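What follows is the content of run.csv, which has CSV, C-alpha atoms:
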chain,number,residue,atom,x,y,z
A,1,MET,CA,-1.9,-22.4,-7.8
A,2,ALA,CA,-0.6,-21.7,-4.4
A,3,ILE,CA,3.1,-22.2,-3.9
A,4,PRO,CA,4.0,-22.6,-0.3
A,5,CYS,CA,7.4,-21.2,0.7
A,6,PRO,CA,9.5,-22.8,3.4
A,7,PRO,CA,7.8,-22.1,6.8
A,8,PHE,CA,9.4,-20.1,9.5
A,9,ILE,CA,10.9,-22.3,12.2
A,10,GLY,CA,8.9,-22.1,15.4
A,11,SER,CA,12.0,-21.9,17.6
A,12,GLU,CA,13.3,-18.8,15.7
A,13,LYS,CA,12.0,-15.3,15.9
A,14,LEU,CA,12.3,-13.5,12.6
A,15,SER,CA,14.2,-10.2,12.8
A,16,ILE,CA,14.1,-7.7,10.0
A,17,GLU,CA,16.9,-5.2,10.3
A,18,SER,CA,18.6,-3.0,7.7
A,19,GLY,CA,16.6,-4.6,4.9
A,20,ALA,CA,17.6,-8.2,5.7
A,21,MET,CA,15.6,-11.0,7.3
A,22,SER,CA,17.6,-13.3,9.5
A,23,PRO,CA,17.0,-15.6,12.5
A,24,SER,CA,18.0,-14.3,15.9
A,25,SER,CA,18.2,-15.9,19.3
A,26,PRO,CA,15.8,-18.8,19.8
A,27,SER,CA,12.4,-17.8,21.1
A,28,PRO,CA,8.7,-18.6,20.5
A,29,LEU,CA,7.5,-17.3,17.1
A,30,ILE,CA,5.1,-14.5,17.7
A,31,LEU,CA,4.7,-12.2,14.7
A,32,THR,CA,2.6,-9.1,14.8
A,33,GLN,CA,0.3,-8.2,11.9
A,34,ASP,CA,2.7,-5.4,10.9
A,35,GLU,CA,5.6,-7.9,10.9
A,36,LEU,CA,3.6,-10.2,8.6
A,37,LYS,CA,2.9,-7.2,6.3
A,38,LYS,CA,6.6,-6.4,6.2
A,39,ILE,CA,7.6,-10.0,5.3
A,40,ALA,CA,5.1,-10.0,2.4
A,41,ALA,CA,6.3,-6.6,1.2
A,42,TYR,CA,10.0,-7.7,1.2
A,43,LYS,CA,9.1,-10.9,-0.7
A,44,ALA,CA,7.4,-8.8,-3.4
A,45,VAL,CA,10.3,-6.5,-3.8
A,46,GLU,CA,12.4,-9.5,-4.8
A,47,PHE,CA,10.5,-9.3,-8.2
A,48,VAL,CA,11.8,-5.8,-8.8
A,49,GLN,CA,14.6,-5.4,-11.3
A,50,SER,CA,16.8,-2.5,-12.3
A,51,GLY,CA,15.3,-0.3,-15.1
A,52,MET,CA,11.7,-1.0,-14.2
A,53,VAL,CA,8.8,1.5,-14.1
A,54,LEU,CA,7.1,0.7,-10.8
A,55,GLY,CA,3.6,1.4,-9.5
A,56,LEU,CA,4.1,2.4,-5.8
A,57,GLY,CA,1.1,1.3,-3.7
A,58,THR,CA,-0.6,3.0,-0.8
A,59,GLY,CA,-1.3,1.8,2.7
A,60,SER,CA,0.5,0.2,5.7
A,61,THR,CA,1.7,-2.9,3.8
A,62,ALA,CA,2.7,-1.1,0.6
A,63,LYS,CA,4.7,1.4,2.7
A,64,HIS,CA,7.1,-1.4,3.7
A,65,ALA,CA,7.6,-2.2,0.0
A,66,VAL,CA,8.4,1.5,-0.9
A,67,ASP,CA,10.9,1.6,2.0
A,68,ARG,CA,12.6,-1.6,0.8
A,69,ILE,CA,12.9,-0.3,-2.8
A,70,ALA,CA,14.5,2.9,-1.5
A,71,ASP,CA,16.9,0.8,0.6
A,72,LEU,CA,18.0,-1.2,-2.4
A,73,LEU,CA,18.4,1.9,-4.5
A,74,HIS,CA,20.7,3.5,-1.9
A,75,GLN,CA,22.7,0.3,-1.6
A,76,GLY,CA,23.2,0.2,-5.4
A,77,LYS,CA,21.4,-3.1,-5.8
A,78,LEU,CA,18.7,-1.5,-7.9
A,79,LYS,CA,19.3,1.2,-10.5
A,80,ASN,CA,17.3,3.3,-12.9
A,81,ILE,CA,14.0,2.8,-11.2
A,82,VAL,CA,11.1,5.1,-11.9
A,83,GLY,CA,8.2,5.1,-9.5
A,84,ILE,CA,4.6,6.1,-10.1
A,85,PRO,CA,2.8,6.7,-6.8
A,86,THR,CA,-0.8,5.8,-6.3
A,87,SER,CA,-1.6,8.6,-3.8
A,88,THR,CA,-0.2,12.0,-2.5
A,89,LYS,CA,0.8,10.1,0.7
A,90,THR,CA,2.9,7.7,-1.2
A,91,HIS,CA,4.3,10.5,-3.4
A,92,LYS,CA,5.5,12.3,-0.2
A,93,GLN,CA,7.0,9.1,1.1
A,94,ALA,CA,8.9,8.3,-2.1
A,95,VAL,CA,10.2,11.9,-2.4
A,96,SER,CA,11.5,11.8,1.1
A,97,LEU,CA,13.3,8.5,0.3
A,98,GLY,CA,14.8,9.8,-2.9
A,99,ILE,CA,12.9,7.5,-5.3
A,100,PRO,CA,12.7,9.0,-8.8
A,101,LEU,CA,9.1,9.6,-9.8
A,102,SER,CA,7.0,10.1,-12.9
A,103,ASP,CA,3.4,9.5,-14.0
A,104,LEU,CA,1.2,7.6,-16.5
A,105,ASN,CA,1.4,10.5,-19.0
A,106,SER,CA,5.1,9.9,-19.4
A,107,HIS,CA,5.0,6.1,-18.8
A,108,PRO,CA,1.7,4.7,-19.9
A,109,VAL,CA,2.9,1.1,-19.5
A,110,VAL,CA,4.0,0.1,-16.0
A,111,ASP,CA,6.3,-3.0,-15.6
A,112,LEU,CA,5.3,-3.9,-12.1
A,113,ALA,CA,3.0,-2.6,-9.3
A,114,ILE,CA,3.2,-3.7,-5.6
A,115,ASP,CA,0.2,-2.8,-3.4
A,116,GLY,CA,-1.8,-4.2,-0.5
A,117,ALA,CA,-5.5,-5.0,-0.4
A,118,ASP,CA,-8.3,-4.9,2.1
A,119,GLU,CA,-9.7,-8.2,0.9
A,120,VAL,CA,-8.7,-11.1,-1.4
A,121,ASP,CA,-11.1,-13.8,-2.4
A,122,SER,CA,-10.3,-17.3,-3.7
A,123,ASN,CA,-10.2,-16.1,-7.3
A,124,LEU,CA,-7.7,-13.3,-6.4
A,125,ASN,CA,-10.4,-10.6,-6.8
A,126,LEU,CA,-9.7,-7.7,-4.4
A,127,VAL,CA,-11.4,-5.0,-2.4
A,128,LYS,CA,-9.2,-1.9,-2.2
A,129,GLY,CA,-9.8,1.7,-1.2
A,130,ARG,CA,-10.5,1.6,2.5
A,131,GLY,CA,-7.6,4.0,2.7
A,132,GLY,CA,-9.2,6.3,0.2
A,133,SER,CA,-6.9,5.9,-2.8
A,134,LEU,CA,-8.8,3.5,-5.0
A,135,LEU,CA,-9.1,5.6,-8.2
A,136,ARG,CA,-5.4,6.3,-8.7
A,137,GLU,CA,-4.5,2.8,-7.6
A,138,LYS,CA,-6.8,1.3,-10.2
A,139,MET,CA,-5.6,3.6,-12.9
A,140,ILE,CA,-2.0,2.7,-12.3
A,141,GLU,CA,-2.5,-1.0,-11.5
A,142,SER,CA,-4.6,-1.6,-14.6
A,143,ALA,CA,-1.7,-0.3,-16.7
A,144,CYS,CA,0.7,-2.9,-15.3
A,145,LYS,CA,2.3,-5.9,-16.9
A,146,LYS,CA,2.4,-7.5,-13.5
A,147,PHE,CA,0.5,-6.6,-10.3
A,148,ILE,CA,1.7,-8.1,-7.1
A,149,VAL,CA,-0.6,-7.9,-4.1
A,150,ILE,CA,0.8,-8.2,-0.6
A,151,VAL,CA,-1.3,-9.1,2.4
A,152,ASP,CA,-1.3,-10.9,5.7
A,153,GLU,CA,-3.6,-13.8,6.1
A,154,SER,CA,-6.3,-11.8,7.8
A,155,LYS,CA,-7.2,-10.3,4.4
A,156,LEU,CA,-8.4,-13.6,2.9
A,157,VAL,CA,-12.2,-13.7,2.6
A,158,ALA,CA,-14.8,-16.1,1.4
A,159,HIS,CA,-16.4,-13.4,-0.8
A,160,VAL,CA,-16.1,-9.7,-1.6
A,161,GLY,CA,-17.4,-7.5,1.2
A,162,ALA,CA,-17.2,-10.2,3.8
A,163,SER,CA,-14.9,-8.2,6.2
A,164,GLY,CA,-16.2,-4.7,5.8
A,165,ALA,CA,-16.7,-1.8,3.5
A,166,MET,CA,-16.5,-1.9,-0.3
A,167,PRO,CA,-15.7,1.7,-1.2
A,168,VAL,CA,-17.2,3.7,-4.1
A,169,GLU,CA,-15.7,7.1,-5.1
A,170,VAL,CA,-18.4,9.6,-6.1
A,171,VAL,CA,-18.5,13.2,-7.2
A,172,PRO,CA,-19.6,15.6,-4.4
A,173,PHE,CA,-22.5,16.9,-6.4
A,174,CYS,CA,-25.7,15.4,-5.0
A,175,TRP,CA,-23.7,12.7,-3.2
A,176,LYS,CA,-26.8,11.7,-1.1
A,177,PHE,CA,-28.7,10.9,-4.3
A,178,THR,CA,-25.9,8.7,-5.5
A,179,GLN,CA,-25.5,7.1,-2.1
A,180,ASP,CA,-29.2,6.2,-2.1
A,181,ARG,CA,-29.0,4.7,-5.6
A,182,LEU,CA,-26.0,2.6,-4.6
A,183,GLN,CA,-27.8,1.2,-1.5
A,184,ASN,CA,-30.9,0.4,-3.5
A,185,LEU,CA,-28.8,-1.3,-6.1
A,186,PHE,CA,-27.7,-3.9,-3.6
A,187,ASP,CA,-30.9,-4.1,-1.5
A,188,TYR,CA,-31.0,-7.8,-2.1
A,189,ALA,CA,-27.7,-8.2,-0.2
A,190,GLY,CA,-28.9,-6.1,2.8
A,191,CYS,CA,-26.6,-3.2,1.7
A,192,VAL,CA,-26.1,-0.2,4.0
A,193,ALA,CA,-24.4,2.8,2.3
A,194,LYS,CA,-22.5,5.3,4.4
A,195,LEU,CA,-20.7,8.5,3.4
A,196,ARG,CA,-17.1,8.3,4.7
A,197,THR,CA,-16.1,11.0,7.3
A,198,ASP,CA,-12.9,12.1,9.1
A,199,ASN,CA,-12.2,13.0,12.7
A,200,GLY,CA,-15.0,11.0,14.2
A,201,GLY,CA,-17.6,12.3,11.8
A,202,GLU,CA,-16.8,15.9,12.1
A,203,LYS,CA,-16.0,16.4,8.4
A,204,ILE,CA,-16.5,14.6,5.1
A,205,PHE,CA,-13.5,12.5,3.9
A,206,VAL,CA,-12.1,14.0,0.6
A,207,THR,CA,-10.0,11.9,-1.8
A,208,ASP,CA,-6.8,13.1,-3.5
A,209,ASN,CA,-9.1,13.8,-6.5
A,210,GLY,CA,-11.5,16.0,-4.6
A,211,ASN,CA,-14.2,13.4,-4.5
A,212,TYR,CA,-16.2,11.7,-1.7
A,213,ILE,CA,-16.3,8.0,-0.8
A,214,VAL,CA,-19.5,6.0,-0.1
A,215,ASP,CA,-18.8,2.8,1.8
A,216,LEU,CA,-21.1,-0.1,1.0
A,217,PHE,CA,-21.6,-2.7,3.7
A,218,PHE,CA,-23.2,-6.0,2.7
A,219,LYS,CA,-24.9,-8.6,4.9
A,220,LYS,CA,-24.8,-11.2,2.1
A,221,ASP,CA,-22.7,-12.2,-0.9
A,222,ILE,CA,-23.5,-9.8,-3.8
A,223,GLY,CA,-23.1,-12.6,-6.4
A,224,ASP,CA,-21.6,-12.0,-9.8
A,225,LEU,CA,-18.9,-9.4,-9.3
A,226,LYS,CA,-18.7,-8.3,-13.0
A,227,VAL,CA,-22.5,-7.8,-13.1
A,228,ALA,CA,-22.2,-5.8,-9.8
A,229,SER,CA,-19.3,-3.8,-11.2
A,230,ASP,CA,-21.1,-2.8,-14.4
A,231,ALA,CA,-24.2,-1.8,-12.4
A,232,ILE,CA,-22.2,0.5,-10.2
A,233,LEU,CA,-20.3,2.1,-13.0
A,234,ARG,CA,-23.6,2.8,-15.0
A,235,LEU,CA,-24.7,5.1,-12.2
A,236,ALA,CA,-24.1,8.8,-13.0
A,237,GLY,CA,-22.2,10.4,-10.2
A,238,VAL,CA,-20.0,7.3,-9.6
A,239,VAL,CA,-16.3,7.8,-10.4
A,240,GLU,CA,-14.9,4.3,-9.6
A,241,HIS,CA,-15.4,1.4,-7.2
A,242,GLY,CA,-13.0,-0.6,-5.0
A,243,MET,CA,-13.5,-4.0,-6.6
A,244,PHE,CA,-10.3,-4.9,-8.5
A,245,LEU,CA,-11.5,-7.8,-10.6
A,246,ASP,CA,-9.0,-10.0,-12.6
A,247,MET,CA,-6.2,-7.5,-12.0
A,248,ALA,CA,-3.9,-9.2,-9.6
A,249,THR,CA,-1.4,-11.5,-11.3
A,250,THR,CA,0.2,-12.6,-8.0
A,251,VAL,CA,-0.8,-12.5,-4.4
A,252,ILE,CA,1.7,-12.9,-1.6
A,253,VAL,CA,0.2,-14.0,1.7
A,254,ALA,CA,2.2,-13.9,4.9
A,255,GLY,CA,1.1,-16.0,7.8
A,256,GLU,CA,2.6,-17.4,11.0
A,257,LEU,CA,3.6,-20.6,9.2
A,258,GLY,CA,5.3,-18.8,6.3
A,259,ILE,CA,4.6,-17.2,2.9
A,260,THR,CA,2.2,-18.5,0.3
A,261,ILE,CA,2.5,-17.2,-3.3
A,262,LYS,CA,-0.7,-17.5,-5.3
A,263,ASP,CA,-0.5,-16.9,-9.1
A,264,LYS,CA,-3.4,-16.1,-11.4

Same coordinates, now as structure tokens:
Amino acid sequence: MAIPCPPFIGSEKLSIESGAMSPSSPSPLILTQDELKKIAAYKAVEFVQSGMVLGLGTGSTAKHAVDRIADLLHQGKLKNIVGIPTSTKTHKQAVSLGIPLSDLNSHPVVDLAIDGADEVDSNLNLVKGRGGSLLREKMIESACKKFIVIVDESKLVAHVGASGAMPVEVVPFCWKFTQDRLQNLFDYAGCVAKLRTDNGGEKIFVTDNGNYIVDLFFKKDIGDLKVASDAILRLAGVVEHGMFLDMATTVIVAGELGITIKDK
């Protein structure tokens, strides 16, 4: 059920300074996409309690949550937090901010994870991995008691794959063979599979795990997502895909009219 929060007042511009959100001088409300991401992230961090083991997400939205957690730790409002980063990028960010870190070997059960998403459908199924960290994200977020997803309203879609790529992490060995099999698997949906590259196509993108990513672009709805998931994972050479099905327990959506909290 969606739980609408009080909307922002149109005559107030929301300012977020020093970790606090407060109205400033009256002016038309014009929020950038990054400001919306920050609002969603700060709302999610309200669920964090001292003593928790936290999954620290990756991406432009999750970065705001990690920053906020660090602020609260330094202010003494949070204590005894242990973070498990979902990428080397987030690991570097957390280390620079002084957040204590560990891993799933030491903490196999995670209290709460906060992360963004590339797409969210009406059933709270997600597409993640356009930033390239889907495997570690899925490992950590599948070990969570609660998984809060933070997005701006542009990430809401009618069906998975509606706004762009659905990433699949594959081993480098014979990646072209795996790419062709993935494309053929979703031929009925007009699938086009493309190997992800860096620097304008000059080199192949390599994940934190030393693998490649094949991005699947669909012209049509692929149908039953669990059937699609099983079919992808049965292909030898596939490591993991970017559909996060039945994993999100709460989705926080920030829009120009306010925040909506959707619970599973």

Among listed residues A:Val149, A:Leu31, A:Leu195, A:Met243, nearest A:Val170 (using all atoms listed in the file):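 Checking each of A:Val149, A:Leu31, A:Leu195, A:Met243 against A:Val170, counting all atoms listed in the file, the winner is A:Leu195.
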
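Shortest separation to A:Phe218 among A:Gly164, A:Val239, A:Gln179, A:Leu257 occurs at residue A:Gly164, atoms counted being all atoms listed in the file.
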
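Residues surrounding stretch 63-71 of chain A within 9 Å are Ser18, Gly19, Lys37, Lys38, Ile39, Ala40, Ala41, Tyr42, Lys43, Ala44, Val45, Val48, Leu56, Gly57, Thr58, Gly76, Lys77, Leu78, Thr90, Gln93, Ala94, Leu97, Gly98, Ile99, Ile114 and Asp115 of chain A [only C-alpha atoms; sequence separation below 5 positions excluded].
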
Distance of atom CA of A:Ser133 from atom CA of A:Ser106, expressed in Å to one decimal place: 20.9 Å

Among listed residues A:Ile213, A:Ala236, A:Ile204, A:Leu112, nearest A:Thr250 (using all atoms listed in the file):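 Of the candidates, the smallest distance to A:Thr250 is held by A:Leu112.
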
Best match for closeness to A:Leu225 among A:Gly255, A:Gly190, A:Gly201, A:Gly161, counting all atoms listed in the file: A:Gly161

A:Ser122 surroundings by only C-alpha atoms, 10 Å radius, close-in-sequence under 4 positions cut, as a list in words: Leu126, Leu156, Val157, Ala158, His159, Val160 and Lys262 of chain A

Okay, now the selection with C-alpha atoms, as a PDB file, in the coordinates of the input?
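Output below, filename selection_29.pdb:
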ATOM      1  CA  LEU A 126      -9.700  -7.700  -4.400  1.00  0.00           C
ATOM      2  CA  LEU A 156      -8.400 -13.600   2.900  1.00  0.00           C
ATOM      3  CA  VAL A 157     -12.200 -13.700   2.600  1.00  0.00           C
ATOM      4  CA  ALA A 158     -14.800 -16.100   1.400  1.00  0.00           C
ATOM      5  CA  HIS A 159     -16.400 -13.400  -0.800  1.00  0.00           C
ATOM      6  CA  VAL A 160     -16.100  -9.700  -1.600  1.00  0.00           C
ATOM      7  CA  LYS A 262      -0.700 -17.500  -5.300  1.00  0.00           C
TER       8      LYS A 262
END

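Closest approach to A:Asp111 from the set A:Phe173, A:Phe47, A:Phe205, A:Phe186 is made by A:Phe47, with distances taken over all atoms listed in the file.
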
Straight-line distance linking atom CA of A:Ile261 with atom CA of A:Ile148, stated in Å to one decimal: 9.9 Å

Point-to-point distance from atom CA of A:Gly132 to atom CA of A:Asp224, Å rounded to tenths: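 Spanning atom CA of A:Gly132 to atom CA of A:Asp224 is a straight-line distance of 24.3 Å.
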
Shell of 7 Å around A:Leu54, all atoms listed in the file, local chain residues under 5 positions omitted, as a list in words: Val82, Gly83, Ile84, Val110, Asp111, Leu112 and Ala113 of chain A

Nearest to A:Lys128, chosen from A:Ile140, A:Ser154, A:Gly59, A:Gln49, with all atoms listed in the file counted in the distances: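 Closest candidate: A:Gly59.
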
All residues 8 Å or closer to A:Asp208, all atoms listed in the file, same chain fewer than 3 positions away omitted, as a ChimeraX atom specification: /A:87-88,133,211

Spatial neighbours of A:Pro108, max dist 9 Å, all atoms listed in the file, sep filter under 4 positions, as a list in words: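 My list of contacting residues is Asp103, Leu104, Ile140, Ala143 and Cys144 of chain A.
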
Using the incomplete input, complete stretch 95-112 of chain A to the level of N, CA and C atoms; output as a PDB file, in the coordinates of the input.
ATOM      1  N   VAL A  95       9.299  10.727  -2.314  1.00  0.00           N
ATOM      2  CA  VAL A  95      10.200  11.900  -2.400  1.00  0.00           C
ATOM      3  C   VAL A  95      11.129  11.975  -1.255  1.00  0.00           C
ATOM      4  N   SER A  96      10.622  11.724  -0.059  1.00  0.00           N
ATOM      5  CA  SER A  96      11.500  11.800   1.100  1.00  0.00           C
ATOM      6  C   SER A  96      12.557  10.729   1.119  1.00  0.00           C
ATOM      7  N   LEU A  97      12.318   9.623   0.385  1.00  0.00           N
ATOM      8  CA  LEU A  97      13.300   8.500   0.300  1.00  0.00           C
ATOM      9  C   LEU A  97      14.199   8.621  -0.903  1.00  0.00           C
ATOM     10  N   GLY A  98      13.950   9.615  -1.756  1.00  0.00           N
ATOM     11  CA  GLY A  98      14.800   9.800  -2.900  1.00  0.00           C
ATOM     12  C   GLY A  98      14.523   8.882  -4.091  1.00  0.00           C
ATOM     13  N   ILE A  99      13.302   8.364  -4.185  1.00  0.00           N
ATOM     14  CA  ILE A  99      12.900   7.500  -5.300  1.00  0.00           C
ATOM     15  C   ILE A  99      12.519   8.400  -6.491  1.00  0.00           C
ATOM     16  N   PRO A 100      13.127   8.247  -7.660  1.00  0.00           N
ATOM     17  CA  PRO A 100      12.700   9.000  -8.800  1.00  0.00           C
ATOM     18  C   PRO A 100      11.276   8.741  -9.214  1.00  0.00           C
ATOM     19  N   LEU A 101      10.505   9.785  -9.519  1.00  0.00           N
ATOM     20  CA  LEU A 101       9.100   9.600  -9.800  1.00  0.00           C
ATOM     21  C   LEU A 101       8.679  10.162 -11.146  1.00  0.00           C
ATOM     22  N   SER A 102       7.557   9.626 -11.649  1.00  0.00           N
ATOM     23  CA  SER A 102       7.000  10.100 -12.900  1.00  0.00           C
ATOM     24  C   SER A 102       5.468   9.848 -12.824  1.00  0.00           C
ATOM     25  N   ASP A 103       4.811   9.777 -13.997  1.00  0.00           N
ATOM     26  CA  ASP A 103       3.400   9.500 -14.000  1.00  0.00           C
ATOM     27  C   ASP A 103       2.988   8.738 -15.259  1.00  0.00           C
ATOM     28  N   LEU A 104       1.701   8.441 -15.384  1.00  0.00           N
ATOM     29  CA  LEU A 104       1.200   7.600 -16.500  1.00  0.00           C
ATOM     30  C   LEU A 104       1.283   8.405 -17.831  1.00  0.00           C
ATOM     31  N   ASN A 105       1.273   9.707 -17.787  1.00  0.00           N
ATOM     32  CA  ASN A 105       1.400  10.500 -19.000  1.00  0.00           C
ATOM     33  C   ASN A 105       2.751  10.204 -19.683  1.00  0.00           C
ATOM     34  N   SER A 106       3.788  10.103 -18.882  1.00  0.00           N
ATOM     35  CA  SER A 106       5.100   9.900 -19.400  1.00  0.00           C
ATOM     36  C   SER A 106       5.434   8.367 -19.555  1.00  0.00           C
ATOM     37  N   HIS A 107       4.797   7.533 -18.728  1.00  0.00           N
ATOM     38  CA  HIS A 107       5.000   6.100 -18.800  1.00  0.00           C
ATOM     39  C   HIS A 107       3.673   5.364 -18.740  1.00  0.00           C
ATOM     40  N   PRO A 108       3.018   5.276 -19.886  1.00  0.00           N
ATOM     41  CA  PRO A 108       1.700   4.700 -19.900  1.00  0.00           C
ATOM     42  C   PRO A 108       1.654   3.173 -19.692  1.00  0.00           C
ATOM     43  N   VAL A 109       2.819   2.519 -19.779  1.00  0.00           N
ATOM     44  CA  VAL A 109       2.900   1.100 -19.500  1.00  0.00           C
ATOM     45  C   VAL A 109       3.820   0.937 -18.257  1.00  0.00           C
ATOM     46  N   VAL A 110       3.312   0.256 -17.232  1.00  0.00           N
ATOM     47  CA  VAL A 110       4.000   0.100 -16.000  1.00  0.00           C
ATOM     48  C   VAL A 110       4.506  -1.385 -15.914  1.00  0.00           C
ATOM     49  N   ASP A 111       5.774  -1.591 -15.589  1.00  0.00           N
ATOM     50  CA  ASP A 111       6.300  -3.000 -15.600  1.00  0.00           C
ATOM     51  C   ASP A 111       5.734  -3.777 -14.409  1.00  0.00           C
ATOM     52  N   LEU A 112       5.658  -3.166 -13.251  1.00  0.00           N
ATOM     53  CA  LEU A 112       5.300  -3.900 -12.100  1.00  0.00           C
ATOM     54  C   LEU A 112       4.665  -2.936 -11.039  1.00  0.00           C
TER      55      LEU A 112
END
